[in-house]
$ cat final-v2.cif   # mmCIF, C-alpha atoms
data_coords
loop_
_atom_site.label_atom_id
_atom_site.label_comp_id
_atom_site.auth_asym_id
_atom_site.auth_seq_id
_atom_site.Cartn_x
_atom_site.Cartn_y
_atom_site.Cartn_z
CA MET S 1 29.53 -96.59 21.08
CA ALA S 2 26.00 -97.08 22.41
CA ARG S 3 27.30 -99.61 24.95
CA LEU S 4 29.96 -97.11 26.10
CA TRP S 5 27.33 -94.38 26.43
CA ARG S 6 25.08 -96.61 28.51
CA ALA S 7 27.99 -97.51 30.84
CA SER S 8 28.91 -93.85 31.26
CA SER S 9 25.29 -92.96 31.84
CA SER S 10 24.99 -95.70 34.47
CA ARG S 11 28.04 -94.40 36.36
CA SER S 12 26.64 -90.86 36.27
CA ALA S 13 23.30 -92.11 37.58
CA ARG S 14 25.01 -93.89 40.48
CA ARG S 15 26.95 -90.76 41.38
CA SER S 16 23.78 -88.70 41.23
CA ARG S 17 21.95 -91.11 43.52
CA ALA S 18 24.87 -91.09 45.98
CA ALA S 19 24.99 -87.29 45.93
CA ALA S 20 21.24 -87.13 46.48
CA LYS S 21 21.58 -89.54 49.40
CA LEU S 22 24.14 -87.30 51.09
CA ARG S 23 21.79 -84.33 50.81
CA PHE S 24 19.70 -86.14 53.41
CA CYS S 25 20.85 -87.38 56.78
CA VAL S 26 23.08 -90.45 56.56
CA ALA S 27 23.49 -92.60 59.68
CA ALA S 28 27.00 -93.58 60.72
CA SER S 29 27.74 -95.90 63.64
CA LEU S 30 30.81 -95.87 65.90
CA VAL S 31 31.41 -99.30 67.44
CA ILE S 32 33.11 -98.53 70.71
CA VAL S 33 33.46 -99.86 74.27
CA SER S 34 30.29 -99.66 76.36
CA ALA S 35 31.75 -97.00 78.68
CA LEU S 36 31.49 -94.54 75.78
CA HIS S 37 27.97 -95.51 74.71
CA GLY S 38 25.13 -93.01 74.78
CA ASN S 39 27.31 -90.75 72.60
CA GLU S 40 29.66 -90.29 75.55
CA ALA S 41 32.50 -90.66 73.00
CA PHE S 42 31.63 -87.18 71.70
CA ASN S 43 31.13 -85.45 75.05
CA PRO S 44 33.94 -82.94 75.76
CA THR S 45 32.94 -82.76 79.45
CA SER S 46 32.96 -86.54 79.91
CA LYS S 47 35.00 -88.01 82.74
CA HIS S 48 36.57 -90.18 80.01
CA ASN S 49 37.92 -87.10 78.23
CA ARG S 50 40.85 -86.69 80.56
CA ASP S 51 43.73 -84.97 78.75
CA ASP S 52 41.37 -84.35 75.80
CA THR S 53 41.60 -87.99 74.68
CA LEU S 54 38.17 -87.89 73.00
CA ARG S 55 39.07 -85.01 70.72
CA ASN S 56 39.47 -87.22 67.64
CA PHE S 57 35.94 -88.65 68.02
CA ILE S 58 34.51 -85.18 68.60
CA LEU S 59 36.22 -83.83 65.48
CA LEU S 60 35.11 -86.83 63.42
CA LYS S 61 31.49 -86.27 64.39
CA GLU S 62 31.80 -82.56 63.51
CA GLN S 63 33.46 -83.21 60.15
CA LEU S 64 30.92 -85.84 59.13
CA ALA S 65 28.07 -83.51 60.11
CA THR S 66 29.23 -80.99 57.48
CA HIS S 67 28.42 -83.68 54.91
CA ASN S 68 24.98 -84.43 56.44
CA ILE S 69 26.30 -87.62 58.04
CA THR S 70 25.21 -88.15 61.62
CA LEU S 71 27.64 -90.20 63.71
CA ALA S 72 26.42 -91.91 66.89
CA THR S 73 27.68 -94.73 69.08
CA ASN S 74 26.55 -98.23 68.15
CA ASP S 75 23.89 -98.41 70.88
CA ILE S 76 22.13 -95.46 69.22
CA HIS S 77 22.90 -96.25 65.56
CA PRO S 78 22.95 -100.07 65.37
CA PRO S 79 25.55 -101.27 62.84
CA ALA S 80 22.99 -103.46 61.07
CA THR S 81 20.91 -100.45 60.03
CA ALA S 82 23.63 -97.80 59.67
CA ASP S 83 24.84 -96.59 56.27
CA ILE S 84 28.48 -96.64 57.40
CA VAL S 85 30.13 -98.29 60.41
CA ILE S 86 33.45 -97.32 62.00
CA HIS S 87 34.95 -99.76 64.51
CA ARG S 88 37.48 -98.81 67.18
CA ASP S 89 39.23 -102.21 67.41
CA VAL S 90 37.62 -105.58 66.73
CA HIS S 91 34.43 -106.43 68.64
CA THR S 92 33.27 -109.96 67.90
CA ALA S 93 29.64 -109.06 68.65
CA HIS S 94 29.64 -106.66 65.71
CA LEU S 95 31.69 -108.43 63.06
CA PRO S 96 30.20 -107.58 59.63
CA THR S 97 28.82 -110.18 57.27
CA PRO S 98 30.56 -110.56 53.89
CA ALA S 99 27.66 -108.80 52.18
CA GLN S 100 28.04 -105.78 54.49
CA ALA S 101 31.86 -105.63 54.57
CA HIS S 102 32.05 -102.70 52.14
CA LYS S 103 30.43 -100.28 54.60
CA HIS S 104 32.56 -101.30 57.60
CA ILE S 105 35.82 -99.54 58.54
CA LEU S 106 38.14 -101.00 61.18
CA GLU S 107 40.55 -98.74 63.06
CA ILE S 108 43.26 -100.72 64.83
CA TYR S 109 44.00 -98.88 68.06
CA GLU S 110 45.34 -101.34 70.62
CA SER S 111 48.29 -103.60 69.94
CA PRO S 112 47.34 -107.16 68.89
CA ALA S 113 49.77 -108.30 71.58
CA ILE S 114 47.30 -106.93 74.14
CA ASN S 115 44.01 -107.25 72.24
CA HIS S 116 44.48 -110.51 70.35
CA LEU S 117 41.26 -109.95 68.38
CA ASN S 118 43.00 -107.14 66.46
CA GLY S 119 45.62 -109.56 65.21
CA ASN S 120 43.19 -112.20 63.96
CA PRO S 121 43.46 -112.19 60.12
CA THR S 122 40.05 -113.84 59.76
CA HIS S 123 38.40 -111.04 61.73
CA ARG S 124 40.27 -108.34 59.83
CA ALA S 125 39.24 -109.81 56.47
CA ARG S 126 35.62 -109.14 57.39
CA PHE S 127 36.12 -105.37 56.96
CA GLY S 128 36.13 -103.46 53.71
CA ARG S 129 38.90 -101.16 54.95
CA VAL S 130 41.40 -101.37 57.79
CA TYR S 131 43.21 -98.30 59.13
CA THR S 132 46.20 -99.05 61.34
CA TRP S 133 49.49 -97.86 62.79
CA GLU S 134 51.07 -101.21 61.77
CA ASP S 135 53.63 -99.98 59.26
CA ASP S 136 54.47 -103.49 58.09
CA LYS S 137 50.86 -104.28 57.16
CA VAL S 138 49.90 -101.20 55.13
CA ASP S 139 49.26 -101.99 51.44
CA ASN S 140 47.09 -98.95 50.51
CA THR S 141 44.54 -101.31 48.94
CA THR S 142 42.56 -102.69 51.86
CA THR S 143 44.87 -101.61 54.71
CA PHE S 144 45.85 -97.98 55.20
CA SER S 145 48.08 -96.01 57.55
CA LEU S 146 46.52 -94.19 60.49
CA HIS S 147 48.35 -93.33 63.71
CA TYR S 148 47.04 -92.17 67.06
CA GLY S 149 45.08 -88.92 66.87
CA LEU S 150 46.30 -86.58 69.62
CA SER S 151 45.28 -83.17 70.84
CA TRP S 152 48.32 -81.26 69.61
CA PRO S 153 49.29 -78.01 71.38
CA ALA S 154 48.63 -74.87 69.33
CA GLN S 155 51.97 -73.47 70.45
CA PRO S 156 55.00 -75.29 71.89
CA PHE S 157 56.24 -74.53 75.38
CA ASP S 158 58.62 -71.65 76.14
CA VAL S 159 62.08 -73.15 76.62
CA ASP S 160 63.30 -70.61 79.20
CA LYS S 161 60.16 -70.88 81.35
CA THR S 162 60.26 -74.66 81.11
CA LEU S 163 63.87 -74.81 82.25
CA ALA S 164 63.09 -72.60 85.22
CA ALA S 165 60.28 -74.94 86.33
CA LYS S 166 62.45 -78.05 86.61
CA GLN S 167 62.63 -79.39 90.18
CA HIS S 168 63.27 -83.13 89.75
CA LEU S 169 65.37 -85.37 87.57
CA ALA S 170 63.07 -88.17 86.39
CA CYS S 171 59.63 -89.70 86.75
CA THR S 172 57.14 -92.03 85.13
CA ILE S 173 53.35 -91.83 85.01
CA SER S 174 51.70 -95.18 84.37
CA GLY S 175 49.05 -97.47 85.74
CA PHE S 176 50.08 -100.65 87.54
CA LYS S 177 49.36 -103.82 85.59
CA ARG S 178 50.91 -107.23 85.12
CA VAL S 179 50.47 -109.30 81.97
CA ASN S 180 52.08 -112.35 80.43
CA PHE S 181 52.92 -112.14 76.75
CA ALA S 182 56.06 -111.89 74.65
CA GLY S 183 57.28 -108.34 74.21
CA GLU S 184 55.32 -106.79 77.08
CA LEU S 185 56.93 -103.80 78.79
CA TYR S 186 54.95 -103.63 82.03
CA SER S 187 57.68 -105.62 83.78
CA ALA S 188 60.33 -103.31 82.29
CA ARG S 189 58.59 -100.32 83.91
CA GLU S 190 58.65 -102.11 87.25
CA ALA S 191 62.35 -102.86 86.81
CA VAL S 192 63.11 -99.16 86.31
CA VAL S 193 61.18 -98.24 89.46
CA ARG S 194 62.90 -100.92 91.53
CA TRP S 195 66.34 -99.85 90.25
CA TYR S 196 65.76 -96.29 91.43
CA GLU S 197 64.48 -97.51 94.79
CA HIS S 198 67.79 -99.25 95.44
CA HIS S 199 70.28 -96.97 93.69
CA ALA S 200 68.99 -93.39 93.31
CA PRO S 201 65.75 -92.88 95.26
CA ASP S 202 66.15 -89.10 95.42
CA HIS S 203 66.20 -88.84 91.62
CA PHE S 204 62.91 -90.50 90.71
CA ASN S 205 59.15 -90.17 91.29
CA LEU S 206 56.48 -92.75 90.44
CA TYR S 207 52.94 -91.62 89.66
CA GLY S 208 49.82 -93.39 88.48
CA MET S 209 46.83 -95.52 89.39
CA GLY S 210 46.77 -98.96 90.95
CA TRP S 211 50.22 -99.15 92.53
CA ASP S 212 48.57 -99.51 95.95
CA LYS S 213 46.51 -102.53 94.83
CA PHE S 214 47.35 -106.13 93.99
CA THR S 215 45.97 -107.79 90.85
CA PHE S 216 45.05 -111.43 91.33
CA THR S 217 45.28 -113.82 88.39
CA GLY S 218 44.20 -117.37 87.60
CA LEU S 219 41.90 -119.07 90.11
CA LEU S 220 42.29 -116.13 92.50
CA ARG S 221 41.00 -113.58 90.00
CA PRO S 222 37.58 -113.22 91.79
CA LEU S 223 39.47 -111.63 94.69
CA ASN S 224 39.98 -108.54 92.52
CA ARG S 225 36.41 -107.64 93.52
CA VAL S 226 37.49 -107.45 97.18
CA PRO S 227 39.22 -104.05 97.73
CA TYR S 228 40.61 -105.01 101.14
CA ALA S 229 42.26 -108.16 99.73
CA ARG S 230 43.85 -106.16 96.90
CA GLN S 231 45.25 -103.57 99.31
CA LEU S 232 46.43 -106.16 101.84
CA CYS S 233 48.42 -108.11 99.24
CA ALA S 234 49.78 -105.12 97.37
CA PRO S 235 53.58 -104.82 97.16
CA THR S 236 55.14 -101.66 98.52
CA TRP S 237 56.45 -98.98 96.18
CA PRO S 238 58.38 -96.41 98.26
CA LEU S 239 58.73 -93.99 95.34
CA TRP S 240 55.02 -93.94 94.50
CA ARG S 241 53.56 -90.44 94.91
CA GLY S 242 49.95 -91.31 94.04
CA PRO S 243 47.80 -90.53 90.99
CA VAL S 244 48.05 -87.17 89.23
CA ALA S 245 45.36 -84.64 88.34
CA ASN S 246 47.30 -83.26 85.39
CA LYS S 247 50.01 -85.21 83.54
CA THR S 248 51.42 -82.17 81.80
CA ALA S 249 51.89 -80.14 84.98
CA THR S 250 53.47 -83.09 86.78
CA MET S 251 55.95 -83.95 84.04
CA ALA S 252 56.80 -80.28 83.47
CA SER S 253 58.58 -80.19 86.83
CA HIS S 254 60.84 -83.10 85.80
CA LYS S 255 63.71 -83.05 83.32
CA PHE S 256 63.09 -86.58 82.03
CA ALA S 257 60.14 -88.97 81.95
CA TYR S 258 60.31 -92.69 81.27
CA CYS S 259 57.60 -93.58 78.76
CA PHE S 260 57.55 -97.24 77.77
CA GLU S 261 54.85 -98.53 75.45
CA ASN S 262 52.77 -101.51 76.61
CA ALA S 263 54.65 -103.71 74.13
CA GLU S 264 57.80 -103.51 72.03
CA GLY S 265 58.86 -104.84 68.65
CA HIS S 266 55.86 -103.59 66.64
CA PRO S 267 56.76 -101.06 63.90
CA GLY S 268 54.58 -97.98 64.13
CA TYR S 269 53.10 -98.81 67.54
CA ILE S 270 53.55 -95.32 68.95
CA THR S 271 50.85 -94.26 71.38
CA GLU S 272 50.25 -91.02 73.25
CA LYS S 273 52.97 -91.90 75.77
CA PRO S 274 56.04 -90.19 74.22
CA PHE S 275 53.93 -87.27 73.01
CA ASP S 276 52.54 -86.56 76.49
CA VAL S 277 56.14 -86.08 77.60
CA LEU S 278 57.04 -83.88 74.63
CA PHE S 279 53.96 -81.68 75.11
CA ALA S 280 54.97 -81.12 78.75
CA GLY S 281 58.40 -79.77 77.83
CA CYS S 282 60.09 -82.86 79.20
CA VAL S 283 62.56 -85.22 77.51
CA PRO S 284 61.15 -88.73 76.89
CA ILE S 285 63.14 -91.83 77.78
CA TYR S 286 61.44 -94.20 75.35
CA ARG S 287 61.14 -97.90 74.72
CA GLY S 288 58.71 -99.53 72.30
CA ALA S 289 58.44 -99.13 68.53
CA PRO S 290 61.70 -100.15 66.81
CA ASN S 291 61.21 -97.38 64.22
CA ILE S 292 60.43 -94.55 66.65
CA LYS S 293 63.11 -92.38 65.00
CA ASP S 294 61.12 -92.43 61.75
CA TYR S 295 58.50 -90.32 63.54
CA ILE S 296 60.24 -88.51 66.40
CA PRO S 297 63.83 -87.33 65.76
CA ALA S 298 66.61 -88.84 67.83
CA THR S 299 67.46 -85.29 68.94
CA CYS S 300 64.11 -85.09 70.76
CA LEU S 301 64.20 -88.24 72.88
CA ILE S 302 66.43 -90.80 74.56
CA ASN S 303 66.04 -94.39 73.44
CA ALA S 304 66.47 -96.69 76.44
CA ALA S 305 67.54 -99.50 74.11
CA ASP S 306 70.72 -97.57 73.28
CA PHE S 307 72.14 -98.13 76.77
CA PRO S 308 73.70 -101.36 78.08
CA SER S 309 72.18 -101.00 81.55
CA GLN S 310 69.86 -98.91 83.69
CA ALA S 311 72.90 -97.66 85.57
CA ALA S 312 74.45 -96.37 82.34
CA LEU S 313 71.23 -94.65 81.34
CA HIS S 314 70.85 -92.97 84.71
CA ARG S 315 74.48 -91.86 84.63
CA TYR S 316 73.88 -90.24 81.23
CA ILE S 317 70.84 -88.21 82.29
CA SER S 318 72.11 -87.30 85.76
CA THR S 319 75.40 -85.89 84.42
CA MET S 320 74.03 -84.26 81.26
CA PRO S 321 75.40 -80.72 80.82
CA GLU S 322 72.79 -77.97 80.95
CA ALA S 323 73.61 -76.89 77.40
CA GLU S 324 72.92 -80.39 76.09
CA TYR S 325 69.64 -80.59 77.98
CA ARG S 326 68.58 -77.20 76.65
CA SER S 327 69.34 -78.43 73.14
CA TYR S 328 66.90 -81.32 73.66
CA LEU S 329 64.15 -78.89 74.68
CA GLU S 330 64.82 -76.58 71.75
CA ASN S 331 64.66 -79.50 69.34
CA ILE S 332 61.40 -80.67 70.89
CA ALA S 333 59.83 -77.20 70.61
CA THR S 334 60.86 -77.02 66.95
CA TYR S 335 59.43 -80.47 66.26
CA LEU S 336 56.10 -79.66 67.93
CA LYS S 337 55.73 -76.46 65.95
CA ALA S 338 56.55 -78.14 62.63
CA ASN S 339 54.06 -80.98 63.16
CA ARG S 340 50.95 -79.11 64.24
CA LYS S 341 49.18 -80.55 61.18
CA GLY S 342 51.05 -83.85 61.14
CA SER S 343 49.95 -87.47 61.04
CA PHE S 344 49.65 -87.81 64.84
CA THR S 345 47.10 -85.02 65.29
CA ALA S 346 43.43 -85.51 66.04
CA GLU S 347 42.64 -83.35 63.02
CA HIS S 348 44.51 -85.67 60.68
CA TRP S 349 42.87 -88.71 62.26
CA ALA S 350 39.36 -87.29 61.82
CA THR S 351 40.02 -86.03 58.29
CA THR S 352 41.36 -89.43 57.21
CA LEU S 353 38.28 -91.31 58.41
CA THR S 354 35.95 -88.65 57.04
CA LYS S 355 37.51 -89.06 53.59
CA ALA S 356 37.24 -92.85 53.89
CA THR S 357 33.55 -92.51 54.74
CA LEU S 358 32.88 -90.25 51.76
CA ASP S 359 34.81 -92.57 49.43
CA ILE S 360 32.60 -95.47 50.50
CA LEU S 361 29.36 -93.52 50.17
CA ASN S 362 30.43 -92.04 46.82
CA PRO S 363 32.20 -94.92 45.03
#
$ encode --input "final-v2.cif" --output "structure tokens"
Amino acid sequence: MARLWRASSSRSARRSRAAAKLRFCVAASLVIVSALHGNEAFNPTSKHNRDDTLRNFILLKEQLATHNITLATNDIHPPATADIVIHRDVHTAHLPTPAQAHKHILEIYESPAINHLNGNPTHRARFGRVYTWEDDKVDNTTTFSLHYGLSWPAQPFDVDKTLAAKQHLACTISGFKRVNFAGELYSAREAVVRWYEHHAPDHFNLYGMGWDKFTFTGLLRPLNRVPYARQLCAPTWPLWRGPVANKTATMASHKFAYCFENAEGHPGYITEKPFDVLFAGCVPIYRGAPNIKDYIPATCLINAADFPSQAALHRYISTMPEAEYRSYLENIATYLKANRKGSFTAEHWATTLTKATLDILNP
């Protein structure tokens, strides 16, 4: 009985010390790319906050502050001296030691197909907790589910006004890039653009950065620092309309928008791409996660994989009756309204990592 009392007393003492610690300022570090250092990750007026993409970091900082936990980027709060460390993707320069693993949280953001460090099991084992969109890796012991945190609209679009604004059939907004790995979809985006150039140029618009520049690879990679060389060697894209100032406004004038992920075949790898289209009151033509219908109903998007050819897909959207198209928009509006507090919101993202932080500080 005395032994049991001492054990219980010891646990109570630990909780009391942890609670006392949180009454003072606790330092949390966010390991992030250098472009967001200097606490730029939490700056709502930052040039990097286009389309409110930093909202999840801003909310996380605010939520932690209510518990007297101060979050700063890793150049301000070095991971070695911080009480808790949250990593956006794996950075080899800041891999924790085994003794410090318990205070390190890894959030998998980019696909391991693109950032191979995220797929390295040895690196991942260095973290006490891993939060990821990888549905097939979640075990709720060391690896937990966490999807992209997006700035969700407070109210869905008005269907009638949205229908009246439609001027074009289809578009895509994406940056130009070429990569070489199994499952990449950059080449699939190019194939869609080229098909429309040759078969239905009046029905498609291409927007985005970099389509007027060539990307050198291999031994010629240093030429990427020579703007004139990149422009001189760039292929022509007749349907390219330039970059856009506002994705939502641009897509809102189109009935459909092609939104291919960077890679396909990864369960749960669903980025902001289909949601940007939904938020704009546009119907996504999607390719990427094989289980997309587990998260976005089939009545809200068109899965490109369901069609035998690009010609068949274009025929479907170009001949769609108005009543059927309106049904898509109504389903999308209903979905957006029902998921304002869902697992893809910035609020859910920040709340999940706040709870993880508190669980670690108050074991």
$ resolve_selection --input "final-v2.cif" --expression "the PyMOL selection byres ((chain S and resi 106) around 9)" --output "PyMOL selection string"
chain S and resi 85-90+104-105+107-108+124+127-132
$ closest_residue --input "final-v2.cif" --among "S:Thr236, S:Lys47, S:Ser309, S:Gln155" --to "Arg340 of chain S" --atoms "only C-alpha atoms"
S:Gln155
$ closest_residue --input "final-v2.cif" --among "S:Ala350, S:Asn362, S:His147, S:Asn224" --to "Tyr295 of chain S" --atoms "all atoms listed in the file"
S:His147
$ atom_distance --input "final-v2.cif" --atom1 "atom CA of Trp237 of chain S" --atom2 "atom CA of Arg189 of chain S"
12.5 Å
$ residues_around --input "final-v2.cif" --residues "Tyr269 of chain S" --least-positions-apart "3" --cutoff "12 Å" --atoms "all atoms listed in the file" --output "compact mmCIF listing (two decimals) with C-alpha atoms, keeping the file's coordinate frame"
# COMPACT_ATOMS: atom_id res chain seq x y z
CA ILE S 108 43.26 -100.72 64.83
CA TYR S 109 44.00 -98.88 68.06
CA GLU S 110 45.34 -101.34 70.62
CA SER S 111 48.29 -103.60 69.94
CA PRO S 112 47.34 -107.16 68.89
CA ALA S 113 49.77 -108.30 71.58
CA ILE S 114 47.30 -106.93 74.14
CA THR S 132 46.20 -99.05 61.34
CA TRP S 133 49.49 -97.86 62.79
CA GLU S 134 51.07 -101.21 61.77
CA ASP S 135 53.63 -99.98 59.26
CA ASP S 136 54.47 -103.49 58.09
CA LYS S 137 50.86 -104.28 57.16
CA SER S 145 48.08 -96.01 57.55
CA LEU S 146 46.52 -94.19 60.49
CA HIS S 147 48.35 -93.33 63.71
CA TYR S 148 47.04 -92.17 67.06
CA PHE S 260 57.55 -97.24 77.77
CA GLU S 261 54.85 -98.53 75.45
CA ASN S 262 52.77 -101.51 76.61
CA ALA S 263 54.65 -103.71 74.13
CA GLU S 264 57.80 -103.51 72.03
CA GLY S 265 58.86 -104.84 68.65
CA HIS S 266 55.86 -103.59 66.64
CA GLU S 272 50.25 -91.02 73.25
CA LYS S 273 52.97 -91.90 75.77
CA PRO S 274 56.04 -90.19 74.22
CA ARG S 287 61.14 -97.90 74.72
CA GLY S 288 58.71 -99.53 72.30
CA ALA S 289 58.44 -99.13 68.53
CA PRO S 290 61.70 -100.15 66.81
CA ASN S 291 61.21 -97.38 64.22
CA ILE S 292 60.43 -94.55 66.65
CA ASP S 294 61.12 -92.43 61.75
CA TYR S 295 58.50 -90.32 63.54
CA PHE S 344 49.65 -87.81 64.84
$ atom_distance --input "final-v2.cif" --atom1 "atom CA of Ile58 of chain S" --atom2 "atom CA of Ile360 of chain S"
20.9 Å
$ residues_around --input "final-v2.cif" --residues "Tyr258 of chain S" --least-positions-apart "2" --cutoff "9 Å" --atoms "all atoms listed in the file" --output "PyMOL selection string"
chain S and resi 170-173+189+192+256+260+274+277+283-287+304
$ resolve_selection --input "final-v2.cif" --expression "the PyMOL selection byres ((chain S and resi 347) around 9)" --output "mmCIF file with C-alpha atoms, keeping the file's coordinate frame"
data_model
loop_
_atom_site.group_PDB
_atom_site.id
_atom_site.type_symbol
_atom_site.label_atom_id
_atom_site.label_comp_id
_atom_site.auth_asym_id
_atom_site.auth_seq_id
_atom_site.Cartn_x
_atom_site.Cartn_y
_atom_site.Cartn_z
ATOM 1 C CA ARG S 55 39.070 -85.010 70.720
ATOM 2 C CA ASN S 56 39.470 -87.220 67.640
ATOM 3 C CA LEU S 59 36.220 -83.830 65.480
ATOM 4 C CA LEU S 60 35.110 -86.830 63.420
ATOM 5 C CA GLY S 149 45.080 -88.920 66.870
ATOM 6 C CA LEU S 150 46.300 -86.580 69.620
ATOM 7 C CA SER S 151 45.280 -83.170 70.840
ATOM 8 C CA TRP S 152 48.320 -81.260 69.610
ATOM 9 C CA LYS S 341 49.180 -80.550 61.180
ATOM 10 C CA GLY S 342 51.050 -83.850 61.140
ATOM 11 C CA SER S 343 49.950 -87.470 61.040
ATOM 12 C CA PHE S 344 49.650 -87.810 64.840
ATOM 13 C CA THR S 345 47.100 -85.020 65.290
ATOM 14 C CA ALA S 346 43.430 -85.510 66.040
ATOM 15 C CA HIS S 348 44.510 -85.670 60.680
ATOM 16 C CA TRP S 349 42.870 -88.710 62.260
ATOM 17 C CA ALA S 350 39.360 -87.290 61.820
ATOM 18 C CA THR S 351 40.020 -86.030 58.290
ATOM 19 C CA THR S 352 41.360 -89.430 57.210
#
$ resolve_selection --input "final-v2.cif" --expression "the PyMOL selection byres ((chain S and resi 161) around 12)" --output "ChimeraX atom specification"
/S:156-160,162-166,252-253,280-281,326,329
$ atom_distance --input "final-v2.cif" --atom1 "atom CA of Asp75 of chain S" --atom2 "atom CA of Gly38 of chain S"
6.8 Å
$ closest_residue --input "final-v2.cif" --among "S:Ala245, S:Leu95, S:Met251, S:Cys25" --to "Asn68 of chain S" --atoms "all atoms listed in the file"
S:Cys25
$ closest_residue --input "final-v2.cif" --among "S:Ala333, S:Ala80, S:Ala154, S:Ala305" --to "Cys282 of chain S" --atoms "all atoms listed in the file"
S:Ala333
$ closest_residue --input "final-v2.cif" --among "S:Leu353, S:Leu313, S:Leu185, S:Leu71" --to "Phe144 of chain S" --atoms "only C-alpha atoms"
S:Leu353
$ closest_residue --input "final-v2.cif" --among "S:His198, S:Arg230, S:His91, S:His67" --to "Phe214 of chain S" --atoms "only C-alpha atoms"
S:Arg230
$ residues_around --input "final-v2.cif" --residues "segment 215-221 of chain S" --least-positions-apart "5" --cutoff "9 Å" --atoms "only C-alpha atoms" --output "mmCIF file with C-alpha atoms, in the coordinates of the input"
data_model
loop_
_atom_site.group_PDB
_atom_site.id
_atom_site.type_symbol
_atom_site.label_atom_id
_atom_site.label_comp_id
_atom_site.auth_asym_id
_atom_site.auth_seq_id
_atom_site.Cartn_x
_atom_site.Cartn_y
_atom_site.Cartn_z
ATOM 1 C CA PHE S 176 50.080 -100.650 87.540
ATOM 2 C CA LYS S 177 49.360 -103.820 85.590
ATOM 3 C CA ARG S 178 50.910 -107.230 85.120
ATOM 4 C CA GLY S 210 46.770 -98.960 90.950
ATOM 5 C CA ARG S 230 43.850 -106.160 96.900
ATOM 6 C CA CYS S 233 48.420 -108.110 99.240
ATOM 7 C CA ALA S 234 49.780 -105.120 97.370
#
$ residues_near_point --input "final-v2.cif" --point "(27.9, -96.9, 70.5)" --cutoff "8 Å" --atoms "all atoms listed in the file" --output "list in words"
Ser29, Leu30, Val31, Ile32, Val33, Ser34, Leu36, His37, Gly38, Asn39, Ala72, Thr73, Asn74, Asp75, Ile76, His77 and Pro78 of chain S
